[in-house]
Amino acid sequence: MATKKFLELQEYSDADLAAELQKTEQDYQKLQFDHAIKGLDNPITLREVRRDIARLKTEVRRRELSALSKEQLSMRSKIRARRRSKN
């Protein structure tokens with residue numbers, strides 16, 4: 001089941017998504033710094049922001065993959081298969 005935040009991210013334009021990702025990463029760095037210096041009232045916010053960043057990056061990557069042509073997708077599959085066979 002898709003979360004409310006995930007559904008909300010799907011409505012963003014590409015530019016809005018990139019701006020939101022940049023803003024969220026800056027907020028995360030500030031929270032980390034504040035937590036190291038004086039501590040946070042609720043350190044769980046670090047985890048929540050980290051997960052928001054992951055959601056944003058996942059949506060960006062999903063859009064990148066959906067924009068690829070069939071030839072590019074087939075090459076990507078071959079590369080992934082080759083990487084798996086080396087391990």
# chains A, B, ... in the order shown; residues from 1 in each chain; ligands from 1
call {"tool": "select_by_dssp", "arguments": {"residues": "chain A", "states": "helix (DSSP H, G or I)", "output": "number ranges by chain"}}
result
A: 4-10, 14-37, 44-66, 70-86
call {"tool": "residues_around", "arguments": {"residues": "range 25-29 of chain A", "least_positions_apart": "6", "cutoff": "8 Å", "atoms": "only C-alpha atoms", "output": "ChimeraX atom specification"}}
result
/A:46,49-50,53
call {"tool": "write_last_selection", "arguments": {"atoms": "N, CA and C atoms", "output": "PDB file, in the first residue's frame"}}
result
ATOM      1  N   LEU A  46      15.641  12.844  12.844  1.00  0.00           N
ATOM      2  CA  LEU A  46      16.737  12.521  11.928  1.00  0.00           C
ATOM      3  C   LEU A  46      16.355  11.328  11.045  1.00  0.00           C
ATOM      4  N   VAL A  49      13.626  12.352   8.470  1.00  0.00           N
ATOM      5  CA  VAL A  49      14.152  13.162   7.372  1.00  0.00           C
ATOM      6  C   VAL A  49      14.979  12.287   6.431  1.00  0.00           C
ATOM      7  N   ARG A  50      15.748  11.366   6.991  1.00  0.00           N
ATOM      8  CA  ARG A  50      16.541  10.443   6.172  1.00  0.00           C
ATOM      9  C   ARG A  50      15.628   9.600   5.274  1.00  0.00           C
ATOM     10  N   ILE A  53      14.307  11.717   2.427  1.00  0.00           N
ATOM     11  CA  ILE A  53      15.315  11.836   1.377  1.00  0.00           C
ATOM     12  C   ILE A  53      15.313  10.587   0.506  1.00  0.00           C
TER      13      ILE A  53
END
call {"tool": "atom_distance", "arguments": {"atom1": "CA of Arg61 in chain A", "atom2": "CA of Leu17 in chain A"}}
result
11.2 Å
call {"tool": "closest_residue", "arguments": {"among": "A:Arg47, A:Lys70, A:Lys4, A:Arg80", "to": "Leu31 in chain A", "atoms": "only C-alpha atoms"}}
result
A:Arg47
call {"tool": "residues_around", "arguments": {"residues": "Asp14 in chain A", "least_positions_apart": "3", "cutoff": "12 Å", "atoms": "only C-alpha atoms", "output": "list of chain:residue names"}}
result
A:Leu9, A:Gln10, A:Glu11, A:Leu17, A:Ala18, A:Ala19, A:Glu20, A:Leu21, A:Leu56, A:Lys57, A:Glu59, A:Val60, A:Arg61, A:Arg62, A:Arg63, A:Glu64
